[in-house]
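Text of run.csv (CSV, N, CA and C atoms) as supplied:
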chain,number,residue,atom,x,y,z
O,1,MET,N,-83.2,-40.2,-23.7
O,1,MET,CA,-82.7,-39.1,-24.5
O,1,MET,C,-81.2,-38.9,-24.3
O,2,ALA,N,-80.5,-38.8,-25.4
O,2,ALA,CA,-79.0,-38.7,-25.4
O,2,ALA,C,-78.7,-37.3,-24.9
O,3,TYR,N,-77.6,-37.2,-24.1
O,3,TYR,CA,-77.2,-35.9,-23.6
O,3,TYR,C,-76.5,-35.0,-24.7
O,4,CYS,N,-75.9,-35.6,-25.7
O,4,CYS,CA,-75.3,-34.8,-26.7
O,4,CYS,C,-75.6,-35.5,-28.1
O,5,VAL,N,-75.3,-34.8,-29.1
O,5,VAL,CA,-75.5,-35.4,-30.5
O,5,VAL,C,-74.1,-35.2,-31.2
O,6,ARG,N,-74.0,-35.9,-32.3
O,6,ARG,CA,-72.8,-35.9,-33.1
O,6,ARG,C,-72.2,-34.5,-33.3
O,7,ALA,N,-73.1,-33.5,-33.6
O,7,ALA,CA,-72.6,-32.1,-33.9
O,7,ALA,C,-72.0,-31.5,-32.7
O,8,ASP,N,-72.4,-31.9,-31.5
O,8,ASP,CA,-71.8,-31.4,-30.2
O,8,ASP,C,-70.3,-31.9,-30.1
O,9,ILE,N,-70.1,-33.2,-30.4
O,9,ILE,CA,-68.8,-33.8,-30.4
O,9,ILE,C,-67.9,-33.2,-31.5
O,10,GLU,N,-68.5,-33.0,-32.7
O,10,GLU,CA,-67.7,-32.4,-33.7
O,10,GLU,C,-67.4,-30.9,-33.5
O,11,ALA,N,-68.2,-30.2,-32.8
O,11,ALA,CA,-68.0,-28.8,-32.4
O,11,ALA,C,-66.8,-28.7,-31.4
O,12,GLN,N,-66.6,-29.8,-30.6
O,12,GLN,CA,-65.5,-29.8,-29.6
O,12,GLN,C,-64.2,-30.3,-30.2
O,13,TYR,N,-64.3,-31.3,-31.1
O,13,TYR,CA,-63.1,-31.9,-31.6
O,13,TYR,C,-62.8,-31.8,-33.1
O,14,GLY,N,-63.8,-31.3,-33.8
O,14,GLY,CA,-63.7,-31.2,-35.3
O,14,GLY,C,-64.3,-32.5,-36.0
O,15,SER,N,-65.0,-32.2,-37.1
O,15,SER,CA,-65.7,-33.3,-37.7
O,15,SER,C,-64.7,-34.3,-38.3
O,16,GLU,N,-63.6,-33.9,-38.9
O,16,GLU,CA,-62.6,-34.8,-39.4
O,16,GLU,C,-62.0,-35.7,-38.4
O,17,ASN,N,-61.7,-35.1,-37.2
O,17,ASN,CA,-61.1,-36.0,-36.1
O,17,ASN,C,-62.1,-37.0,-35.7
O,18,VAL,N,-63.4,-36.5,-35.4
O,18,VAL,CA,-64.4,-37.5,-34.9
O,18,VAL,C,-64.6,-38.6,-35.9
O,19,ALA,N,-64.7,-38.3,-37.2
O,19,ALA,CA,-64.9,-39.4,-38.2
O,19,ALA,C,-63.7,-40.3,-38.2
O,20,LYS,N,-62.5,-39.8,-38.1
O,20,LYS,CA,-61.3,-40.6,-38.1
O,20,LYS,C,-61.3,-41.5,-36.9
O,21,TRP,N,-61.6,-40.9,-35.7
O,21,TRP,CA,-61.5,-41.7,-34.5
O,21,TRP,C,-62.6,-42.8,-34.5
O,22,ALA,N,-63.7,-42.5,-35.1
O,22,ALA,CA,-64.9,-43.5,-35.1
O,22,ALA,C,-64.7,-44.6,-36.2
O,23,ASP,N,-63.7,-44.4,-37.1
O,23,ASP,CA,-63.5,-45.3,-38.2
O,23,ASP,C,-62.5,-46.4,-37.8
O,24,LEU,N,-62.9,-47.3,-36.9
O,24,LEU,CA,-62.0,-48.3,-36.4
O,24,LEU,C,-61.4,-49.2,-37.4
O,25,ASN,N,-62.1,-49.5,-38.5
O,25,ASN,CA,-61.6,-50.3,-39.6
O,25,ASN,C,-60.9,-49.6,-40.7
O,26,SER,N,-60.8,-48.2,-40.5
O,26,SER,CA,-60.2,-47.4,-41.5
O,26,SER,C,-60.7,-47.6,-42.9
O,27,ASN,N,-62.0,-47.9,-43.1
O,27,ASN,CA,-62.6,-48.2,-44.4
O,27,ASN,C,-63.6,-47.1,-44.8
O,28,GLU,N,-63.7,-46.0,-44.0
O,28,GLU,CA,-64.6,-44.9,-44.3
O,28,GLU,C,-66.1,-45.3,-44.5
O,29,ASP,N,-66.5,-46.4,-43.9
O,29,ASP,CA,-67.9,-46.8,-44.0
O,29,ASP,C,-68.8,-45.9,-43.1
O,30,ALA,N,-69.6,-45.1,-43.7
O,30,ALA,CA,-70.4,-44.1,-43.0
O,30,ALA,C,-71.3,-44.8,-42.0
O,31,GLY,N,-71.9,-45.9,-42.3
O,31,GLY,CA,-72.7,-46.6,-41.3
O,31,GLY,C,-72.0,-47.1,-40.1
O,32,GLU,N,-70.8,-47.6,-40.3
O,32,GLU,CA,-70.0,-48.0,-39.1
O,32,GLU,C,-69.5,-46.8,-38.3
O,33,ILE,N,-69.2,-45.7,-38.9
O,33,ILE,CA,-68.8,-44.5,-38.2
O,33,ILE,C,-69.9,-44.0,-37.4
O,34,THR,N,-71.1,-43.9,-38.0
O,34,THR,CA,-72.3,-43.4,-37.3
O,34,THR,C,-72.6,-44.3,-36.1
O,35,ALA,N,-72.5,-45.6,-36.3
O,35,ALA,CA,-72.8,-46.5,-35.2
O,35,ALA,C,-71.8,-46.4,-34.1
O,36,ARG,N,-70.6,-46.1,-34.4
O,36,ARG,CA,-69.5,-46.0,-33.4
O,36,ARG,C,-69.7,-44.7,-32.6
O,37,ILE,N,-70.1,-43.6,-33.3
O,37,ILE,CA,-70.4,-42.3,-32.6
O,37,ILE,C,-71.6,-42.5,-31.7
O,38,THR,N,-72.6,-43.2,-32.2
O,38,THR,CA,-73.8,-43.4,-31.3
O,38,THR,C,-73.4,-44.2,-30.1
O,39,GLN,N,-72.5,-45.2,-30.2
O,39,GLN,CA,-72.0,-45.9,-29.1
O,39,GLN,C,-71.2,-45.0,-28.1
O,40,ALA,N,-70.4,-44.1,-28.7
O,40,ALA,CA,-69.7,-43.2,-27.8
O,40,ALA,C,-70.6,-42.3,-27.0
O,41,ILE,N,-71.7,-41.8,-27.6
O,41,ILE,CA,-72.6,-41.0,-26.9
O,41,ILE,C,-73.3,-41.8,-25.8
O,42,LEU,N,-73.6,-43.1,-26.0
O,42,LEU,CA,-74.2,-43.9,-25.0
O,42,LEU,C,-73.2,-44.1,-23.9
O,43,GLU,N,-71.9,-44.4,-24.2
O,43,GLU,CA,-70.9,-44.6,-23.2
O,43,GLU,C,-70.7,-43.3,-22.3
O,44,ALA,N,-70.8,-42.2,-23.0
O,44,ALA,CA,-70.6,-40.9,-22.3
O,44,ALA,C,-71.8,-40.7,-21.3
O,45,ASP,N,-73.0,-40.9,-21.8
O,45,ASP,CA,-74.2,-40.7,-20.9
O,45,ASP,C,-74.2,-41.7,-19.8
O,46,ASN,N,-73.8,-42.9,-20.0
O,46,ASN,CA,-73.7,-43.9,-18.9
O,46,ASN,C,-72.6,-43.5,-17.9
O,47,GLU,N,-71.5,-43.0,-18.4
O,47,GLU,CA,-70.4,-42.5,-17.4
O,47,GLU,C,-70.9,-41.4,-16.6
O,48,ILE,N,-71.6,-40.4,-17.2
O,48,ILE,CA,-72.1,-39.3,-16.5
O,48,ILE,C,-73.1,-39.7,-15.5
O,49,ASP,N,-74.1,-40.5,-15.9
O,49,ASP,CA,-75.1,-41.0,-15.0
O,49,ASP,C,-74.5,-41.8,-13.8
O,50,SER,N,-73.6,-42.6,-14.1
O,50,SER,CA,-72.9,-43.4,-13.0
O,50,SER,C,-72.2,-42.5,-12.0
O,51,ARG,N,-71.5,-41.6,-12.5
O,51,ARG,CA,-70.7,-40.7,-11.6
O,51,ARG,C,-71.5,-39.7,-10.9
O,52,LEU,N,-72.6,-39.2,-11.4
O,52,LEU,CA,-73.4,-38.2,-10.8
O,52,LEU,C,-74.6,-38.8,-10.0
O,53,ARG,N,-74.8,-40.1,-10.0
O,53,ARG,CA,-75.9,-40.7,-9.4
O,53,ARG,C,-76.1,-40.4,-7.9
O,54,LEU,N,-75.0,-40.3,-7.2
O,54,LEU,CA,-75.0,-40.0,-5.7
O,54,LEU,C,-74.9,-38.5,-5.5
O,55,GLY,N,-75.0,-37.7,-6.5
O,55,GLY,CA,-74.9,-36.2,-6.3
O,55,GLY,C,-76.2,-35.5,-6.1
O,56,PRO,N,-76.2,-34.2,-6.3
O,56,PRO,CA,-77.3,-33.4,-5.9
O,56,PRO,C,-78.4,-33.3,-7.0
O,57,TYR,N,-78.3,-34.1,-8.1
O,57,TYR,CA,-79.2,-34.0,-9.2
O,57,TYR,C,-80.0,-35.3,-9.5
O,58,GLU,N,-81.2,-35.1,-10.0
O,58,GLU,CA,-82.0,-36.3,-10.3
O,58,GLU,C,-81.4,-36.8,-11.7
O,59,ILE,N,-81.0,-38.1,-11.6
O,59,ILE,CA,-80.4,-38.7,-12.8
O,59,ILE,C,-81.3,-39.9,-13.2
O,60,PRO,N,-81.5,-40.1,-14.5
O,60,PRO,CA,-80.9,-39.4,-15.6
O,60,PRO,C,-81.6,-38.0,-15.8
O,61,PHE,N,-80.9,-37.1,-16.5
O,61,PHE,CA,-81.5,-35.9,-16.9
O,61,PHE,C,-82.5,-36.2,-18.0
O,62,THR,N,-83.7,-35.6,-18.0
O,62,THR,CA,-84.7,-36.0,-19.0
O,62,THR,C,-85.1,-34.8,-19.8
O,63,ASP,N,-86.1,-34.1,-19.5
O,63,ASP,CA,-86.7,-33.1,-20.3
O,63,ASP,C,-85.7,-32.1,-21.0
O,64,THR,N,-85.1,-31.3,-20.2
O,64,THR,CA,-84.1,-30.4,-20.7
O,64,THR,C,-82.7,-30.8,-20.2
O,65,ILE,N,-81.8,-31.0,-21.2
O,65,ILE,CA,-80.4,-31.4,-20.8
O,65,ILE,C,-79.7,-30.1,-20.5
O,66,PRO,N,-79.1,-29.9,-19.3
O,66,PRO,CA,-78.3,-28.7,-19.0
O,66,PRO,C,-77.1,-28.6,-20.0
O,67,THR,N,-76.8,-27.4,-20.3
O,67,THR,CA,-75.7,-27.2,-21.3
O,67,THR,C,-74.3,-27.8,-20.7
O,68,GLY,N,-74.1,-27.7,-19.4
O,68,GLY,CA,-72.9,-28.3,-18.8
O,68,GLY,C,-72.8,-29.8,-19.0
O,69,ILE,N,-74.0,-30.4,-19.0
O,69,ILE,CA,-74.0,-31.9,-19.2
O,69,ILE,C,-73.8,-32.2,-20.7
O,70,ILE,N,-74.4,-31.4,-21.6
O,70,ILE,CA,-74.2,-31.6,-23.0
O,70,ILE,C,-72.7,-31.5,-23.3
O,71,SER,N,-72.0,-30.5,-22.8
O,71,SER,CA,-70.6,-30.3,-23.0
O,71,SER,C,-69.8,-31.5,-22.4
O,72,LEU,N,-70.1,-32.0,-21.2
O,72,LEU,CA,-69.4,-33.1,-20.6
O,72,LEU,C,-69.6,-34.4,-21.4
O,73,SER,N,-70.8,-34.6,-21.9
O,73,SER,CA,-71.1,-35.8,-22.7
O,73,SER,C,-70.3,-35.7,-24.0
O,74,ALA,N,-70.3,-34.6,-24.7
O,74,ALA,CA,-69.5,-34.5,-25.9
O,74,ALA,C,-68.0,-34.7,-25.6
O,75,MET,N,-67.5,-34.1,-24.5
O,75,MET,CA,-66.1,-34.3,-24.2
O,75,MET,C,-65.8,-35.8,-24.0
O,76,TYR,N,-66.6,-36.5,-23.2
O,76,TYR,CA,-66.3,-37.9,-22.9
O,76,TYR,C,-66.5,-38.7,-24.1
O,77,ALA,N,-67.5,-38.4,-25.0
O,77,ALA,CA,-67.7,-39.2,-26.2
O,77,ALA,C,-66.4,-39.1,-27.1
O,78,GLY,N,-65.9,-37.9,-27.2
O,78,GLY,CA,-64.7,-37.7,-28.0
O,78,GLY,C,-63.5,-38.5,-27.4
O,79,ILE,N,-63.4,-38.4,-26.1
O,79,ILE,CA,-62.3,-39.1,-25.4
O,79,ILE,C,-62.4,-40.6,-25.7
O,80,TRP,N,-63.6,-41.1,-25.6
O,80,TRP,CA,-63.9,-42.5,-25.8
O,80,TRP,C,-63.6,-43.0,-27.2
O,81,LEU,N,-64.0,-42.2,-28.2
O,81,LEU,CA,-63.7,-42.5,-29.6
O,81,LEU,C,-62.2,-42.5,-29.8
O,82,TYR,N,-61.5,-41.5,-29.4
O,82,TYR,CA,-60.0,-41.4,-29.5
O,82,TYR,C,-59.3,-42.5,-28.9
O,83,SER,N,-59.7,-42.8,-27.7
O,83,SER,CA,-59.1,-43.9,-26.9
O,83,SER,C,-59.3,-45.3,-27.5
O,84,SER,N,-60.5,-45.5,-28.1
O,84,SER,CA,-60.8,-46.8,-28.7
O,84,SER,C,-59.9,-47.1,-29.9
O,85,ARG,N,-59.3,-46.1,-30.5
O,85,ARG,CA,-58.4,-46.3,-31.6
O,85,ARG,C,-57.0,-46.8,-31.1
O,86,GLY,N,-56.8,-46.7,-29.8
O,86,GLY,CA,-55.5,-47.1,-29.2
O,86,GLY,C,-54.4,-46.2,-29.5
O,87,VAL,N,-54.7,-44.9,-29.7
O,87,VAL,CA,-53.7,-44.0,-30.1
O,87,VAL,C,-52.8,-43.6,-28.9
O,88,ILE,N,-51.5,-43.7,-29.1
O,88,ILE,CA,-50.6,-43.2,-28.1
O,88,ILE,C,-49.7,-42.2,-28.9
O,89,ASP,N,-49.5,-41.1,-28.3
O,89,ASP,CA,-48.7,-40.0,-28.9
O,89,ASP,C,-47.5,-39.9,-28.0
O,90,TYR,N,-46.5,-39.1,-28.4
O,90,TYR,CA,-45.3,-38.9,-27.6
O,90,TYR,C,-45.2,-37.4,-27.4
O,91,THR,N,-44.9,-37.0,-26.1
O,91,THR,CA,-44.7,-35.6,-25.8
O,91,THR,C,-43.3,-35.3,-26.2
O,92,PRO,N,-42.9,-34.0,-26.1
O,92,PRO,CA,-41.6,-33.6,-26.5
O,92,PRO,C,-40.5,-34.3,-25.7
O,93,LYS,N,-40.8,-34.7,-24.4
O,93,LYS,CA,-39.8,-35.3,-23.6
O,93,LYS,C,-39.8,-36.8,-23.9
O,94,GLY,N,-40.7,-37.3,-24.8
O,94,GLY,CA,-40.6,-38.7,-25.2
O,94,GLY,C,-41.5,-39.6,-24.4
O,95,ALA,N,-42.3,-39.1,-23.4
O,95,ALA,CA,-43.2,-39.9,-22.6
O,95,ALA,C,-44.4,-40.3,-23.4
O,96,ALA,N,-44.8,-41.5,-23.3
O,96,ALA,CA,-46.0,-41.9,-24.0
O,96,ALA,C,-47.2,-41.4,-23.3
O,97,GLN,N,-48.0,-40.7,-24.1
O,97,GLN,CA,-49.2,-40.0,-23.5
O,97,GLN,C,-50.1,-39.7,-24.7
O,98,ASP,N,-51.4,-39.8,-24.5
O,98,ASP,CA,-52.3,-39.4,-25.6
O,98,ASP,C,-52.6,-37.9,-25.5
O,99,GLN,N,-53.1,-37.4,-26.7
O,99,GLN,CA,-53.3,-36.0,-26.7
O,99,GLN,C,-54.6,-35.5,-26.0
O,100,LEU,N,-55.4,-36.5,-25.5
O,100,LEU,CA,-56.6,-36.1,-24.8
O,100,LEU,C,-56.5,-36.3,-23.3
O,101,SER,N,-55.3,-36.5,-22.8
O,101,SER,CA,-55.1,-36.6,-21.4
O,101,SER,C,-55.6,-35.4,-20.6
O,102,TYR,N,-55.4,-34.2,-21.1
O,102,TYR,CA,-55.9,-33.0,-20.4
O,102,TYR,C,-57.4,-33.1,-20.4
O,103,GLN,N,-58.1,-33.5,-21.5
O,103,GLN,CA,-59.5,-33.5,-21.5
O,103,GLN,C,-60.0,-34.6,-20.5
O,104,ARG,N,-59.4,-35.7,-20.3
O,104,ARG,CA,-59.7,-36.7,-19.3
O,104,ARG,C,-59.7,-36.1,-17.9
O,105,LYS,N,-58.6,-35.4,-17.6
O,105,LYS,CA,-58.5,-34.8,-16.3
O,105,LYS,C,-59.5,-33.7,-16.1
O,106,GLU,N,-59.8,-32.9,-17.1
O,106,GLU,CA,-60.8,-31.9,-17.0
O,106,GLU,C,-62.2,-32.5,-16.8
O,107,PHE,N,-62.5,-33.5,-17.5
O,107,PHE,CA,-63.8,-34.2,-17.3
O,107,PHE,C,-63.9,-34.7,-15.9
O,108,ASP,N,-62.9,-35.4,-15.4
O,108,ASP,CA,-62.9,-35.8,-14.0
O,108,ASP,C,-63.1,-34.7,-13.0
O,109,ARG,N,-62.3,-33.6,-13.2
O,109,ARG,CA,-62.4,-32.4,-12.3
O,109,ARG,C,-63.8,-31.9,-12.3
O,110,ARG,N,-64.4,-31.7,-13.5
O,110,ARG,CA,-65.8,-31.1,-13.6
O,110,ARG,C,-66.8,-32.0,-12.9
O,111,ILE,N,-66.7,-33.3,-13.0
O,111,ILE,CA,-67.6,-34.2,-12.4
O,111,ILE,C,-67.4,-34.1,-10.8
O,112,ARG,N,-66.2,-34.1,-10.4
O,112,ARG,CA,-65.9,-33.9,-8.9
O,112,ARG,C,-66.5,-32.6,-8.4
O,113,ASP,N,-66.3,-31.5,-9.2
O,113,ASP,CA,-66.8,-30.2,-8.8
O,113,ASP,C,-68.3,-30.2,-8.7
O,114,ILE,N,-69.0,-30.8,-9.6
O,114,ILE,CA,-70.5,-30.9,-9.6
O,114,ILE,C,-70.9,-31.7,-8.4
O,115,LEU,N,-70.3,-32.8,-8.2
O,115,LEU,CA,-70.7,-33.7,-7.0
O,115,LEU,C,-70.5,-32.9,-5.7
O,116,ALA,N,-69.4,-32.2,-5.6
O,116,ALA,CA,-69.0,-31.5,-4.3
O,116,ALA,C,-69.8,-30.2,-4.1
O,117,GLY,N,-70.6,-29.8,-5.2
O,117,GLY,CA,-71.3,-28.6,-5.1
O,117,GLY,C,-70.5,-27.3,-5.3
O,118,ARG,N,-69.3,-27.5,-5.8
O,118,ARG,CA,-68.4,-26.4,-6.2
O,118,ARG,C,-68.7,-25.7,-7.5
O,119,TYR,N,-69.5,-26.5,-8.3
O,119,TYR,CA,-69.8,-26.0,-9.6
O,119,TYR,C,-71.3,-26.4,-9.9
O,120,GLN,N,-72.1,-25.4,-10.3
O,120,GLN,CA,-73.5,-25.7,-10.7
O,120,GLN,C,-73.8,-24.9,-11.9
O,121,PRO,N,-73.8,-25.5,-13.1
O,121,PRO,CA,-74.2,-24.8,-14.3
O,121,PRO,C,-75.6,-24.1,-14.1
O,122,ALA,N,-75.7,-22.9,-14.6
O,122,ALA,CA,-76.9,-22.1,-14.4
O,122,ALA,C,-78.2,-22.8,-14.7
O,123,ASP,N,-78.2,-23.6,-15.7
O,123,ASP,CA,-79.4,-24.3,-16.1
O,123,ASP,C,-79.6,-25.7,-15.5
O,124,MET,N,-78.9,-26.0,-14.4
O,124,MET,CA,-78.9,-27.3,-13.8
O,124,MET,C,-79.4,-27.2,-12.4
O,125,PRO,N,-80.7,-27.3,-12.2
O,125,PRO,CA,-81.3,-27.1,-10.9
O,125,PRO,C,-81.0,-28.3,-10.0
O,126,SER,N,-80.7,-27.9,-8.7
O,126,SER,CA,-80.4,-28.9,-7.7
O,126,SER,C,-81.7,-29.5,-7.2
O,127,VAL,N,-81.7,-30.8,-6.9
O,127,VAL,CA,-82.9,-31.4,-6.3
O,127,VAL,C,-82.7,-31.9,-4.9
O,128,HIS,N,-81.4,-32.0,-4.5
O,128,HIS,CA,-81.0,-32.4,-3.2
O,128,HIS,C,-80.4,-31.3,-2.5
O,129,THR,N,-80.4,-31.3,-1.2
O,129,THR,CA,-79.7,-30.2,-0.4
O,129,THR,C,-78.4,-30.6,0.2
O,130,THR,N,-78.0,-31.9,0.1
O,130,THR,CA,-76.7,-32.3,0.6
O,130,THR,C,-75.9,-32.8,-0.5
O,131,PHE,N,-74.6,-32.7,-0.3
O,131,PHE,CA,-73.6,-33.1,-1.3
O,131,PHE,C,-72.7,-34.2,-0.7
O,132,PRO,N,-72.3,-35.2,-1.5
O,132,PRO,CA,-71.5,-36.2,-0.9
O,132,PRO,C,-70.1,-35.7,-0.7
O,133,THR,N,-69.3,-36.4,0.1
O,133,THR,CA,-67.9,-36.0,0.3
O,133,THR,C,-67.1,-36.5,-0.8
O,134,ILE,N,-66.4,-35.7,-1.5
O,134,ILE,CA,-65.6,-36.0,-2.6
O,134,ILE,C,-64.1,-36.0,-2.2
O,135,TYR,N,-63.4,-37.1,-2.4
O,135,TYR,CA,-62.0,-37.2,-2.1
O,135,TYR,C,-61.2,-37.0,-3.4
O,136,GLU,N,-60.3,-36.1,-3.3
O,136,GLU,CA,-59.5,-35.7,-4.4
O,136,GLU,C,-58.5,-36.8,-4.8
O,137,GLU,N,-58.3,-37.1,-6.0
O,137,GLU,CA,-57.3,-38.1,-6.5
O,137,GLU,C,-55.9,-37.6,-6.3
O,138,THR,N,-55.1,-38.4,-5.7
O,138,THR,CA,-53.7,-37.9,-5.6
O,138,THR,C,-52.8,-38.7,-6.6
O,139,SER,N,-52.1,-37.9,-7.3
O,139,SER,CA,-51.2,-38.5,-8.3
O,139,SER,C,-50.0,-37.7,-8.6
Structure re-expressed in structure tokens:
Amino acid sequence: MAYCVRADIEAQYGSENVAKWADLNSNEDAGEITARITQAILEADNEIDSRLRLGPYEIPFTDTIPTGIISLSAMYAGIWLYSSRGVIDYTPKGAAQDQLSYQRKEFDRRIRDILAGRYQPADMPSVHTTFPTIYEETS
């Protein structure tokens, strides 16, 4: 069961953005766009499962997907779609950076917080009593 659906990604990034980011060939082929969005959802779910596997939750999530996981999956799927276009933007200071850098950092922060037990969405029941040691990224 996928953690999010296309509508979740579109609610976060806008339907026009999602369709544009998913249209790698810029030919507006609805079938190709849908396939690319489906792949983005798969990539997001795999990333979440891989990163949370050693955490306090039984992975993969099955029956009911916690809202926090739906949001993270949609966030990562949008990041993946945007990144796959190879888009590089420029900040006012001229540094090359894409517009979703903040979302990438936020996704990573939320995953680290879940793993460390600092954040537990209300509808995400814990199944383990211990949390792994999470080392903060220094940059």
At a cut-off of 8 Å, can you tabulate as JSON lines every residue of range 31-60 of chain O near range 99-116 of chain O together with its closest atom pair and the distance in Å to one decimal, using only N, CA and C atoms and ordering rows by chain then number?
{"residue": "O:Ile48", "atom": "CA", "partner": "O:Ile111", "partner_atom": "CA", "distance": 7.9}
{"residue": "O:Arg51", "atom": "C", "partner": "O:Ile111", "partner_atom": "CA", "distance": 6.9}
{"residue": "O:Leu52", "atom": "CA", "partner": "O:Leu115", "partner_atom": "CA", "distance": 6.5}
{"residue": "O:Leu54", "atom": "C", "partner": "O:Leu115", "partner_atom": "CA", "distance": 6.6}
{"residue": "O:Gly55", "atom": "CA", "partner": "O:Leu115", "partner_atom": "CA", "distance": 4.9}
{"residue": "O:Pro56", "atom": "N", "partner": "O:Leu115", "partner_atom": "CA", "distance": 5.6}
{"residue": "O:Tyr57", "atom": "N", "partner": "O:Leu115", "partner_atom": "CA", "distance": 7.7}
Hey, what does DSSP flag as alpha helix (DSSP H) within range 14-61 of chain O? Can you give it to me as a PyMOL selection string?
chain O and resi 15-22+30-52
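With all atoms listed in the file as the atoms that count, the residue of O:Ile65, O:Ala22, O:Cys4, O:Met75 with the shortest distance to Arg36 in chain O is O:Ala22.
Computed from the coordinates, the CA of Leu81 in chain O to CA of Ala40 in chain O distance equals 6.3 Å.
Using only C-alpha atoms, the smallest distance between any of O:Gln120, O:Thr62, O:Ser84, O:Gln12 and Asn25 in chain O comes from O:Ser84.
Here CA of Ala44 in chain O is placed at a distance of 5.1 Å from CA of Ser73 in chain O.
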Would you list the contacts of Asp49 in chain O as a PyMOL selection string, taking every protein, DNA or RNA residue within 6.5 Å and counting only N, CA and C atoms, but skipping same-chain residues closer than 4 positions in sequence?
chain O and resi 44-45+53+59-60
For Thr38 in chain O, which residue out of O:Tyr76, O:Val5, O:Ser83, O:Ser15 is the nearest one, using only C-alpha atoms?
O:Val5
How many Å lie between atom C of Ile33 in chain O and atom N of Asn46 in chain O, rounded to one decimal?
17.9 Å
